[in-house]
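Input: a single structure, listed below in structure tokens.
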Amino acid sequence: MSTREPLSVVVITYNNADTLERCLQAVDWAEDLLVLDSGSEDETVAIARRHGARVEVHPFDDYGPQKQRAIDLARNDWVLNVDADEVLSPGTRALIEQALVKPDVAGYRLPRRERMFWTIQHPWSHRNAHLRLFDRRRGRMNDVEVHAAVEVEGPVRILRRADFVNDGDRDIAARVEKINRYSSGMVAHKLRRRQRFTGVRMVVYPPVFFLRQYLFKRYFLNGWAGFIASASGAFYVFLKYAKLHEARRHRGRGSQ
């Protein structure tokens, strides 16, 4: 059997003891496991060391720079970037190892299923694919606020039968808190882009988003959890443009 490229798995953490055990159990087969912590006060570091991870510590400044810092600390060229609340599904390891045998692309996208409060997203509803497995010599994190992601130079392929689960939002309160935080984080980015027609977007986009998620992306397969996830997603879209509209009004008054 052909040998594959050695793999580094990188995870950034801060007080992730509730989810990190499951995350690392699914990836501790990699040749290099790097956990970059931001000063956790719970059992996060102990869990990481128990799984044989190299633990480095650096104060958190922002998501993108912290992820890039972890990528730079990796020992191997091929990197799997996962969050502390994400878990590779059974069978994904074999697909990753197969993909790393003489890879002819710069990276691979992996479909992600979301936790929808009390259930996990139905596998037949639409799953967004994220660039998580890549050659770090050809890619790095971009500088987009809140939703920073890896970008690579070269072709990218989707590992369609691969799968990982975002195990983060276990209740509606956690989702609402994240929506409020993320929507505030997007305001500065959109102000710089001078996005127009915020009032129209605030009215039109939320119902369009809901219909796209619930019907066209088949979130209805997830029952009431899918309905609530679609509605809360629409609220995030509304809140993002409402806060942008408010920020522009305050800026306009300040210039008078």
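Naming works like this for the structure tokens: A, B, ... for the chains as they're shown, residue 1 at the start of each chain, ligands 1 onward in shown order.
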Where in region 25-240 of chain A does DSSP assign strand (DSSP E or B), given as a ChimeraX atom specification? /A:32-37,54-57,78-81,86-88,107-116,119-120,128-135,139-141,150-152,156-158,164-166
Can you tell me, as a ChimeraX atom specification, what residues are no more than 9 Å from Ala53 (chain A) when counting only C-alpha atoms, ignoring any on the same chain fewer than 4 positions away? /A:24,28,32-35,47-49
Could you turn the residues from that selection into a file that holds C-alpha atoms, as a short mmCIF file (atom, residue, chain, number, x, y, z; two decimals), in the first residue's frame?
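The result, stored in again09.cif:
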```cif
data_model
loop_
_atom_site.label_atom_id
_atom_site.label_comp_id
_atom_site.auth_asym_id
_atom_site.auth_seq_id
_atom_site.Cartn_x
_atom_site.Cartn_y
_atom_site.Cartn_z
CA LEU A 24 -9.59 14.69 20.13
CA ASP A 28 -5.68 11.36 17.91
CA ASP A 32 0.97 15.40 15.05
CA LEU A 33 -1.75 16.84 17.27
CA LEU A 34 -1.36 20.52 18.21
CA VAL A 35 -3.62 22.33 20.68
CA ILE A 47 -7.59 16.64 28.32
CA ALA A 48 -5.33 17.72 25.46
CA ARG A 49 -2.24 16.27 27.12
#
```
For the atom pair CA of Val150 (chain A) and CA of Glu5 (chain A), what is the interatomic distance in Å to one decimal place?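 Taking CA of Val150 (chain A) and CA of Glu5 (chain A), their separation equals 19.4 Å.
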Between CA of Arg140 (chain A) and CA of Ile71 (chain A) - distance in Å to one decimal: 8.0 Å
